[in-house]
>>> print(open('my_file-v3.cif').read())   # mmCIF, C-alpha atoms and all ligand atoms
data_work
loop_
_atom_site.label_atom_id
_atom_site.label_comp_id
_atom_site.auth_asym_id
_atom_site.auth_seq_id
_atom_site.Cartn_x
_atom_site.Cartn_y
_atom_site.Cartn_z
CA MET A 1 -25.17 -7.79 20.34
CA LYS A 2 -24.91 -6.90 16.64
CA ASN A 3 -21.76 -5.01 15.65
CA THR A 4 -22.96 -1.67 14.26
CA GLN A 5 -19.49 -0.26 13.54
CA PRO A 6 -18.66 0.45 9.89
CA ILE A 7 -16.66 -2.37 8.32
CA VAL A 8 -14.21 -2.13 5.45
CA ARG A 9 -14.64 -5.06 3.02
CA LEU A 10 -11.22 -6.09 1.72
CA ALA A 11 -9.92 -8.14 -1.19
CA ILE A 12 -6.34 -9.42 -1.38
CA ILE A 13 -4.74 -9.76 -4.82
CA GLY A 14 -1.78 -12.13 -4.73
CA THR A 15 -1.93 -14.98 -2.24
CA GLY A 16 1.80 -15.73 -1.91
CA SER A 17 3.95 -15.50 1.19
CA MET A 18 3.41 -11.77 1.84
CA GLY A 19 -0.32 -12.16 1.11
CA GLY A 20 -0.45 -14.33 4.25
CA MET A 21 0.93 -11.46 6.31
CA HIS A 22 -1.75 -9.10 4.93
CA ALA A 23 -4.49 -11.64 5.69
CA LYS A 24 -3.27 -12.17 9.26
CA SER A 25 -2.99 -8.44 9.85
CA TYR A 26 -6.50 -7.60 8.59
CA THR A 27 -8.01 -10.49 10.54
CA ALA A 28 -6.74 -8.83 13.72
CA ILE A 29 -8.44 -5.50 12.89
CA GLU A 30 -11.96 -5.12 14.23
CA ASN A 31 -13.27 -2.83 11.47
CA ALA A 32 -11.95 -4.89 8.59
CA THR A 33 -13.27 -8.05 7.00
CA LEU A 34 -11.64 -10.13 4.29
CA VAL A 35 -14.30 -10.88 1.72
CA ALA A 36 -12.33 -11.97 -1.35
CA ALA A 37 -8.98 -13.00 -2.77
CA VAL A 38 -7.54 -13.17 -6.29
CA ASP A 39 -4.68 -15.24 -7.66
CA THR A 40 -3.86 -16.57 -11.09
CA ASN A 41 -2.63 -19.74 -9.37
CA GLU A 42 -5.92 -21.45 -8.48
CA THR A 43 -4.51 -24.18 -6.25
CA GLN A 44 -2.73 -21.65 -4.10
CA LEU A 45 -5.79 -19.37 -4.10
CA ILE A 46 -8.05 -22.11 -2.72
CA GLU A 47 -5.54 -23.15 -0.07
CA PHE A 48 -5.09 -19.51 0.98
CA CYS A 49 -8.84 -18.80 1.16
CA ASN A 50 -9.49 -21.97 3.15
CA LYS A 51 -6.71 -21.10 5.58
CA HIS A 52 -7.88 -17.50 6.09
CA ASP A 53 -11.61 -18.22 5.85
CA ILE A 54 -12.18 -16.04 2.76
CA GLU A 55 -15.45 -16.76 0.96
CA HIS A 56 -15.10 -15.28 -2.53
CA ARG A 57 -12.28 -16.53 -4.78
CA PHE A 58 -11.33 -15.18 -8.24
CA THR A 59 -8.64 -16.20 -10.70
CA SER A 60 -8.57 -12.79 -12.37
CA LEU A 61 -8.71 -9.23 -11.12
CA GLN A 62 -11.38 -8.43 -13.70
CA ALA A 63 -13.68 -11.07 -12.17
CA LEU A 64 -13.25 -9.42 -8.76
CA LEU A 65 -14.01 -5.99 -10.23
CA ASP A 66 -17.12 -7.35 -11.99
CA TRP A 67 -18.35 -8.81 -8.67
CA ASN A 68 -17.75 -5.39 -7.05
CA GLU A 69 -18.90 -6.17 -3.50
CA PHE A 70 -15.82 -4.80 -1.76
CA ASP A 71 -14.36 -1.44 -0.71
CA ALA A 72 -10.59 -1.82 -0.78
CA VAL A 73 -7.74 -3.91 -2.10
CA SER A 74 -4.36 -5.07 -0.83
CA ASN A 75 -2.16 -5.56 -3.88
CA VAL A 76 0.39 -8.25 -2.96
CA THR A 77 1.32 -9.38 -6.47
CA PRO A 78 4.96 -9.50 -7.67
CA ASP A 79 6.66 -6.14 -8.29
CA GLN A 80 6.17 -6.05 -12.06
CA VAL A 81 2.42 -6.75 -11.71
CA HIS A 82 1.72 -3.81 -9.34
CA HIS A 83 1.42 -1.18 -12.08
CA ARG A 84 -1.28 -2.66 -14.29
CA THR A 85 -3.31 -4.18 -11.46
CA SER A 86 -3.23 -1.04 -9.28
CA LEU A 87 -4.34 1.13 -12.20
CA GLN A 88 -7.32 -1.21 -12.75
CA VAL A 89 -8.25 -1.04 -9.05
CA ILE A 90 -7.97 2.76 -8.98
CA ALA A 91 -10.04 3.07 -12.17
CA ALA A 92 -12.77 1.10 -10.34
CA ASN A 93 -12.62 3.70 -7.54
CA LYS A 94 -11.48 1.29 -4.85
CA HIS A 95 -9.07 2.18 -2.03
CA ILE A 96 -5.67 0.53 -2.35
CA LEU A 97 -2.71 -0.56 -0.25
CA CYS A 98 0.05 -1.71 -2.63
CA GLU A 99 3.16 -3.64 -1.75
CA LYS A 100 6.57 -2.07 -2.19
CA PRO A 101 8.27 -1.24 -4.48
CA LEU A 102 5.31 0.58 -5.98
CA ALA A 103 6.48 -0.33 -9.50
CA VAL A 104 9.63 -1.34 -11.33
CA ASN A 105 10.45 2.14 -12.63
CA TYR A 106 9.68 5.77 -11.86
CA GLN A 107 7.51 6.34 -14.92
CA ASP A 108 5.09 3.60 -13.87
CA ALA A 109 5.16 4.66 -10.22
CA ARG A 110 4.43 8.27 -11.20
CA GLU A 111 1.47 7.15 -13.30
CA MET A 112 0.12 5.16 -10.32
CA ALA A 113 0.56 8.07 -7.89
CA ASP A 114 -1.13 10.52 -10.29
CA ALA A 115 -4.00 8.13 -10.97
CA ALA A 116 -4.60 7.51 -7.25
CA ALA A 117 -4.49 11.23 -6.44
CA GLY A 118 -6.79 12.00 -9.38
CA ALA A 119 -9.36 9.40 -8.33
CA GLY A 120 -9.26 10.54 -4.70
CA VAL A 121 -9.07 6.99 -3.35
CA ILE A 122 -7.12 6.23 -0.17
CA ASN A 123 -3.74 4.98 -1.38
CA MET A 124 -0.85 3.64 0.66
CA VAL A 125 2.37 1.75 -0.02
CA ASN A 126 3.44 -0.96 2.39
CA LEU A 127 6.73 0.39 3.69
CA SER A 128 6.39 -2.07 6.52
CA TYR A 129 9.32 -0.89 8.63
CA ARG A 130 7.24 2.20 9.43
CA ASN A 131 5.56 -0.25 11.84
CA VAL A 132 8.76 -0.37 13.92
CA ALA A 133 8.35 1.71 17.09
CA SER A 134 11.96 2.96 17.20
CA ILE A 135 11.86 4.48 13.70
CA GLN A 136 8.73 6.48 14.56
CA LYS A 137 10.23 7.71 17.85
CA ALA A 138 13.53 8.61 16.12
CA ALA A 139 11.67 10.60 13.44
CA GLN A 140 9.79 12.47 16.17
CA MET A 141 13.02 13.22 18.07
CA VAL A 142 14.70 14.57 14.93
CA ALA A 143 11.64 16.71 14.16
CA ASP A 144 11.70 18.02 17.76
CA GLY A 145 15.31 19.13 17.26
CA CYS A 146 16.78 16.66 19.80
CA ILE A 147 19.92 16.03 17.73
CA GLY A 148 20.12 19.47 16.11
CA GLN A 149 21.25 19.81 12.50
CA ILE A 150 21.90 16.42 10.90
CA LYS A 151 25.46 16.16 9.61
CA HIS A 152 26.18 12.48 9.03
CA PHE A 153 24.51 9.06 8.89
CA GLU A 154 25.07 5.41 8.07
CA ALA A 155 22.36 2.87 7.37
CA SER A 156 22.32 -0.77 6.40
CA TYR A 157 19.87 -3.54 5.56
CA LEU A 158 21.50 -6.91 6.14
CA GLN A 159 20.19 -10.26 4.91
CA SER A 160 22.01 -13.56 4.42
CA TRP A 161 19.69 -15.87 2.47
CA LEU A 162 22.46 -16.43 -0.10
CA THR A 163 24.76 -17.90 2.57
CA GLN A 164 22.43 -20.11 4.64
CA PRO A 165 19.06 -21.88 4.14
CA ALA A 166 16.96 -20.45 7.05
CA TRP A 167 14.33 -19.18 4.58
CA GLY A 168 14.74 -22.08 2.12
CA ASP A 169 17.21 -23.15 -0.55
CA TRP A 170 17.68 -20.22 -2.97
CA LYS A 171 19.24 -22.50 -5.61
CA SER A 172 16.09 -24.58 -6.07
CA GLN A 173 13.09 -22.44 -4.99
CA SER A 174 11.41 -20.12 -7.49
CA GLN A 175 10.47 -17.55 -4.83
CA TRP A 176 14.23 -16.86 -4.37
CA LEU A 177 15.39 -17.45 -7.94
CA TRP A 178 13.08 -14.77 -9.42
CA ARG A 179 14.56 -12.28 -6.99
CA LEU A 180 18.00 -12.90 -8.54
CA SER A 181 16.90 -12.42 -12.14
CA SER A 182 16.09 -9.16 -13.94
CA GLU A 183 14.27 -11.13 -16.65
CA HIS A 184 11.79 -12.16 -13.93
CA GLY A 185 11.17 -8.58 -12.83
CA SER A 186 13.77 -8.27 -10.08
CA LYS A 187 15.83 -5.14 -9.50
CA GLY A 188 18.01 -7.11 -7.10
CA VAL A 189 18.63 -6.25 -3.49
CA LEU A 190 18.33 -2.56 -4.37
CA GLY A 191 14.77 -2.93 -5.68
CA ASP A 192 13.76 -5.47 -3.05
CA VAL A 193 14.97 -3.97 0.23
CA GLY A 194 16.85 -0.83 -0.86
CA ILE A 195 13.54 0.99 -0.81
CA HIS A 196 13.06 0.11 2.88
CA ILE A 197 16.46 1.36 4.00
CA ILE A 198 16.26 4.54 1.90
CA ASP A 199 12.85 5.16 3.48
CA PHE A 200 14.36 4.44 6.92
CA VAL A 201 16.94 7.22 6.42
CA THR A 202 14.85 9.84 4.67
CA PHE A 203 11.81 9.36 6.92
CA VAL A 204 13.84 9.80 10.11
CA ALA A 205 15.82 12.72 8.65
CA ASN A 206 12.62 14.21 7.18
CA GLN A 207 14.62 15.13 4.08
CA MET A 208 15.19 13.74 0.64
CA PRO A 209 18.64 13.41 -0.93
CA LYS A 210 19.81 16.14 -3.28
CA SER A 211 22.36 13.74 -4.74
CA LEU A 212 23.28 10.09 -4.60
CA SER A 213 25.61 7.65 -6.27
CA CYS A 214 25.48 3.91 -6.00
CA GLN A 215 27.77 0.98 -6.67
CA LEU A 216 25.99 -2.32 -7.28
CA HIS A 217 27.50 -5.76 -7.55
CA THR A 218 26.29 -9.14 -8.74
CA PHE A 219 28.46 -12.02 -7.53
CA ASN A 220 29.01 -15.20 -9.49
CA LYS A 221 26.73 -17.79 -7.83
CA ALA A 222 26.33 -20.57 -10.39
CA GLU A 223 27.94 -21.97 -13.52
CA ASP A 224 27.41 -19.49 -16.40
CA ASP A 225 25.51 -17.24 -13.93
CA LYS A 226 22.32 -19.18 -14.61
CA ILE A 227 20.08 -21.75 -12.88
CA GLY A 228 17.41 -23.31 -15.12
CA GLU A 229 15.33 -20.52 -16.66
CA TYR A 230 16.82 -17.89 -14.29
CA PRO A 231 19.82 -15.80 -15.43
CA LEU A 232 21.34 -14.63 -12.11
CA ASP A 233 22.07 -11.06 -13.14
CA ALA A 234 20.29 -8.97 -10.48
CA ASN A 235 22.47 -7.16 -7.94
CA ASP A 236 23.29 -8.89 -4.62
CA SER A 237 24.87 -5.92 -2.79
CA PHE A 238 24.96 -2.16 -3.04
CA VAL A 239 26.73 0.73 -1.38
CA MET A 240 25.29 4.19 -1.84
CA HIS A 241 26.64 7.63 -1.02
CA MET A 242 23.92 10.13 -0.26
CA GLN A 243 23.81 13.86 0.40
CA LEU A 244 20.64 15.19 1.98
CA ASP A 245 18.99 18.53 1.21
CA ASN A 246 20.76 20.15 4.19
CA ASP A 247 24.17 18.84 2.94
CA ALA A 248 24.43 16.00 5.51
CA LEU A 249 26.45 13.09 4.10
CA GLY A 250 25.86 9.40 4.59
CA VAL A 251 26.38 5.86 3.39
CA VAL A 252 23.50 3.44 2.81
CA SER A 253 24.10 -0.21 2.00
CA ALA A 254 22.33 -3.55 1.68
CA THR A 255 23.30 -7.10 0.89
CA ARG A 256 22.03 -10.67 0.79
CA PHE A 257 25.46 -11.87 1.89
CA ALA A 258 25.56 -10.55 5.47
CA SER A 259 26.32 -13.86 7.18
CA GLY A 260 25.05 -13.75 10.75
CA HIS A 261 22.08 -11.46 9.96
CA HIS A 262 18.74 -12.79 8.74
CA ASN A 263 16.91 -9.49 8.30
CA ASP A 264 18.42 -6.60 10.23
CA LEU A 265 18.12 -2.84 9.68
CA ARG A 266 20.26 -0.18 11.35
CA LEU A 267 20.51 3.56 11.17
CA ARG A 268 23.04 5.73 12.96
CA ILE A 269 22.34 9.41 12.53
CA TYR A 270 24.36 12.27 13.97
CA GLY A 271 23.56 15.95 14.43
CA ASP A 272 25.40 18.83 16.06
CA LYS A 273 23.48 18.27 19.33
CA GLY A 274 23.31 14.50 19.55
CA GLY A 275 23.19 11.11 17.92
CA LEU A 276 20.62 8.34 17.52
CA GLU A 277 21.01 4.63 16.80
CA VAL A 278 17.88 2.97 15.48
CA SER A 279 17.80 -0.76 14.95
CA PHE A 280 15.45 -3.56 14.08
CA GLU A 281 17.43 -6.75 14.61
CA ASN A 282 16.11 -10.26 15.23
CA SER A 283 12.65 -8.63 15.00
CA THR A 284 13.46 -6.42 18.00
CA SER A 285 13.11 -2.66 17.80
CA ARG A 286 15.66 -0.57 19.71
CA LEU A 287 16.56 3.11 19.98
CA ARG A 288 19.64 4.52 21.71
CA ALA A 289 20.52 8.17 22.05
CA CYS A 290 23.46 10.28 23.09
CA LEU A 291 22.17 13.81 23.66
CA GLU A 292 23.60 17.16 24.70
CA LYS A 293 24.65 16.57 28.31
CA ASP A 294 26.10 13.13 27.48
CA LEU A 295 28.10 14.17 24.43
CA GLU A 296 31.33 14.84 26.30
CA SER A 297 31.37 11.44 27.99
CA ALA A 298 29.89 9.76 24.86
CA THR A 299 27.31 8.00 27.01
CA TRP A 300 24.40 6.30 25.23
CA HIS A 301 20.96 5.60 26.75
CA GLU A 302 18.09 3.40 25.71
CA VAL A 303 15.01 5.39 24.67
CA GLU A 304 11.58 3.94 25.37
CA CYS A 305 9.33 3.76 22.31
CA ALA A 306 5.55 3.44 22.41
CA ASP A 307 3.85 0.86 20.18
CA VAL A 308 2.67 2.24 16.84
CA ASP A 309 -0.28 1.41 14.60
CA THR A 310 0.59 -0.81 11.66
CA ILE A 311 0.19 0.39 8.07
CA TYR A 312 -2.73 -2.06 7.75
CA GLN A 313 -4.50 -0.36 10.68
CA LYS A 314 -3.69 3.10 9.28
CA PHE A 315 -5.14 2.06 5.91
CA ILE A 316 -8.41 0.93 7.47
CA ASP A 317 -8.63 4.06 9.67
CA ALA A 318 -7.92 6.30 6.66
CA ILE A 319 -10.78 4.69 4.72
CA LEU A 320 -13.21 5.05 7.61
CA LEU A 321 -12.22 8.67 8.25
CA ASN A 322 -11.91 9.42 4.52
CA GLU A 323 -8.54 11.07 5.16
CA GLN A 324 -5.38 10.23 3.23
CA ALA A 325 -2.60 8.63 5.31
CA LEU A 326 1.14 8.13 4.86
CA PRO A 327 3.16 6.55 3.33
CA ASN A 328 1.10 7.06 0.17
CA PHE A 329 1.68 6.36 -3.54
CA GLU A 330 3.32 9.77 -3.89
CA ARG A 331 5.95 8.69 -1.35
CA GLY A 332 6.32 5.37 -3.19
CA ALA A 333 6.94 7.23 -6.45
CA GLN A 334 9.51 9.56 -4.86
CA LEU A 335 11.44 6.55 -3.55
CA GLN A 336 11.15 4.84 -6.93
CA GLN A 337 12.83 7.83 -8.54
CA LEU A 338 15.78 7.42 -6.15
CA LEU A 339 15.99 3.72 -7.01
CA ASP A 340 16.07 4.55 -10.73
CA THR A 341 18.86 7.08 -10.13
CA ALA A 342 20.80 4.46 -8.17
CA MET A 343 20.33 1.86 -10.94
CA GLY A 344 21.58 4.38 -13.50
CA GLU A 345 24.91 4.45 -11.71
CA HIS A 346 25.34 0.72 -12.34
CA LYS A 347 28.77 0.11 -13.83
N1 LIG B 401 6.59 -4.97 2.72
C1 LIG B 401 7.42 -5.97 2.92
O1 LIG B 401 8.15 -5.98 3.89
C2 LIG B 401 7.44 -7.11 1.93
C3 LIG B 401 7.96 -8.36 2.29
C4 LIG B 401 7.94 -9.39 1.33
C5 LIG B 401 7.42 -9.13 0.06
N2 LIG B 401 6.94 -7.89 -0.24
C6 LIG B 401 6.36 -7.60 -1.57
O2 LIG B 401 5.13 -8.30 -1.68
C7 LIG B 401 4.91 -8.64 -3.06
C8 LIG B 401 4.62 -10.13 -3.16
O3 LIG B 401 5.74 -10.83 -2.67
P1 LIG B 401 5.63 -12.38 -2.26
O4 LIG B 401 6.91 -12.73 -1.64
O5 LIG B 401 4.35 -12.64 -1.54
O6 LIG B 401 5.56 -13.03 -3.73
P2 LIG B 401 4.95 -14.45 -4.11
O7 LIG B 401 5.56 -14.78 -5.42
O8 LIG B 401 5.08 -15.40 -2.96
O9 LIG B 401 3.35 -14.14 -4.29
C9 LIG B 401 2.82 -13.38 -5.34
C10 LIG B 401 1.49 -13.99 -5.76
O10 LIG B 401 0.88 -13.17 -6.75
C11 LIG B 401 0.24 -14.01 -7.72
N3 LIG B 401 0.03 -13.28 -8.97
C12 LIG B 401 0.92 -13.01 -9.95
N4 LIG B 401 0.32 -12.29 -10.92
C13 LIG B 401 -0.96 -12.10 -10.55
C14 LIG B 401 -2.07 -11.41 -11.13
N5 LIG B 401 -1.97 -10.79 -12.30
N6 LIG B 401 -3.25 -11.41 -10.46
C15 LIG B 401 -3.38 -12.05 -9.27
N7 LIG B 401 -2.35 -12.72 -8.67
C16 LIG B 401 -1.16 -12.73 -9.30
C17 LIG B 401 1.20 -15.19 -7.84
O11 LIG B 401 0.54 -16.32 -8.39
C18 LIG B 401 1.63 -15.37 -6.39
O12 LIG B 401 0.78 -16.28 -5.71
C19 LIG B 401 6.16 -8.20 -3.83
O13 LIG B 401 5.93 -6.94 -4.41
C20 LIG B 401 7.22 -8.07 -2.73
O14 LIG B 401 8.22 -7.11 -3.05
C21 LIG B 401 6.94 -6.90 0.68
#
>>> encode(input="my_file-v3.cif", output="structure tokens")
Amino acid sequence: MKNTQPIVRLAIIGTGSMGGMHAKSYTAIENATLVAAVDTNETQLIEFCNKHDIEHRFTSLQALLDWNEFDAVSNVTPDQVHHRTSLQVIAANKHILCEKPLAVNYQDAREMADAAAGAGVINMVNLSYRNVASIQKAAQMVADGCIGQIKHFEASYLQSWLTQPAWGDWKSQSQWLWRLSSEHGSKGVLGDVGIHIIDFVTFVANQMPKSLSCQLHTFNKAEDDKIGEYPLDANDSFVMHMQLDNDALGVVSATRFASGHHNDLRLRIYGDKGGLEVSFENSTSRLRACLEKDLESATWHEVECADVDTIYQKFIDAILLNEQALPNFERGAQLQQLLDTAMGEHK
């Protein structure tokens, strides 16, 4: 029988490693169909389209916009390309899901958020850890008052690709080298994953910081701090002190040197009625709680968390319902402002 459901026709811009994740995710969604892809690297574009069965291939965004037979875009280009490409997509009145960080500075991110709001297109930023069941459940428990007034928290994002080759050899592969070099658009570990862990904290707490300070460090990793065309000047680790709107204090950190952790996020958050431990480690989501009656014995229990819709699914649903969904460009811009503040503290 013919499928009569409305279908969102998608184009992916940027067919690198994360583009593959977008393609796989949309392929699994019934009301979405991948109709086109764009990449300036033609060889990669063709390989990507063949692999994901995408018919229309373009080597420039303008060529896609001229073709015009699509409804929405996933922008999976490198960080410094998001701003100009997203503005072009928004100007063409297409819905957009853009990768994080939204831009490389607050001014650009603000312009993107204002343009998207002005055009009225559905706009989302891919803060992908919102897909983790335990973070959604923790946010709900905090909103329901389960832990009372938040007083203290600690959060970390731990990677170790500078100490072992599980994801490839960082010294010889461009996909890792650009991430170590500000000249190639990187804001280091802060710009790359700092945004995720700051979102982790502020989403669960449902508050933004009223102040923060950040210490960043770039370790010596090669002779003259340079490999080929890549000066290795982007930060490798950061430690941030944060005070939330309600005065709660916390420490947020991230590093690419956390030997023993490939890609692990943790948040411990404490209120006057209880505590929560949220983690996403070895791709496993977990939530533990110590609540009122268990406080005296300091007993922690596992909390069951229901599966949640992915951001990709929320994006498609938002388009079909014509209702904005979160996290949107405005949220991306707010987080970008915090990243800029943290960079300003760089000594
Ligand atoms: N949400 C997450 O958890 C997550 C995870 C990994 C990466 N990312 C983000 O995804 C984005 C892409 O990362 P990646 O690792 O896939 O990078 P990548 O370098 O593997 O891929 C980027 C692709 O964009 C293409 N490109 C560059 N300029 C272009 C342009 N003007 N038009 C069309 N294509 C262009 C490149 O040729 C490349 O193929 C980055 O912003 C990164 O921060 C997000």
>>> residues_near_ligand(input="my_file-v3.cif", ligand="ligand LIG 401 (chain B)", cutoff="6 Å", atoms="all atoms listed in the file", output="number ranges by chain")
A: 13-19, 38-41, 60-61, 76-79, 81, 99-100, 126-128, 175, 192
>>> atom_distance(input="my_file-v3.cif", atom1="atom CA of A:Cys98", atom2="atom CA of A:His82")
7.2 Å
>>> closest_residue(input="my_file-v3.cif", among="A:Ala36, A:Ala133, A:Ala23, A:Asn206", to="A:Asp309", atoms="only C-alpha atoms")
A:Ala133
>>> residues_around(input="my_file-v3.cif", residues="A:Pro327", least_positions_apart="4", cutoff="7 Å", atoms="only C-alpha atoms", output="list in words")
Met124, Val125 and Arg331 of chain A
>>> closest_residue(input="my_file-v3.cif", among="A:Ser285, A:Asn263, A:Thr255, A:Thr202", to="A:Asp307", atoms="all atoms listed in the file")
A:Ser285
>>> closest_residue(input="my_file-v3.cif", among="A:Ala205, A:Asn50, A:Tyr26, A:Glu55", to="A:Val73", atoms="only C-alpha atoms")
A:Tyr26
>>> atom_distance(input="my_file-v3.cif", atom1="atom CA of A:Leu158", atom2="atom CA of A:Gly145")
29.0 Å
>>> closest_residue(input="my_file-v3.cif", among="A:Asp340, A:Glu277, A:Asp224, A:Asp169", to="A:Glu302", atoms="all atoms listed in the file")
A:Glu277
>>> residues_near_point(input="my_file-v3.cif", point="(27.2, 15.3, 5.5)", cutoff="6 Å", atoms="all atoms listed in the file", output="ChimeraX atom specification")
/A:151-152,247-249
>>> residues_around(input="my_file-v3.cif", residues="A:Gly250", least_positions_apart="6", cutoff="8 Å", atoms="all atoms listed in the file", output="count of residues only")
7
>>> atom_distance(input="my_file-v3.cif", atom1="atom CA of A:Gly344", atom2="atom CA of A:Ile195")
15.4 Å
>>> closest_atom_pairs(input="my_file-v3.cif", of="stretch 295-339 of chain A", to="stretch 208-220 of chain A", cutoff="12 Å", atoms="only C-alpha atoms", output="JSON lines")
{"residue": "A:Arg331", "atom": "CA", "partner": "A:Met208", "partner_atom": "CA", "distance": 10.7}
{"residue": "A:Gln334", "atom": "CA", "partner": "A:Met208", "partner_atom": "CA", "distance": 8.9}
{"residue": "A:Leu335", "atom": "CA", "partner": "A:Met208", "partner_atom": "CA", "distance": 9.1}
{"residue": "A:Gln337", "atom": "CA", "partner": "A:Pro209", "partner_atom": "CA", "distance": 11.1}
{"residue": "A:Leu338", "atom": "CA", "partner": "A:Leu212", "partner_atom": "CA", "distance": 8.1}
{"residue": "A:Leu339", "atom": "CA", "partner": "A:Cys214", "partner_atom": "CA", "distance": 9.5}
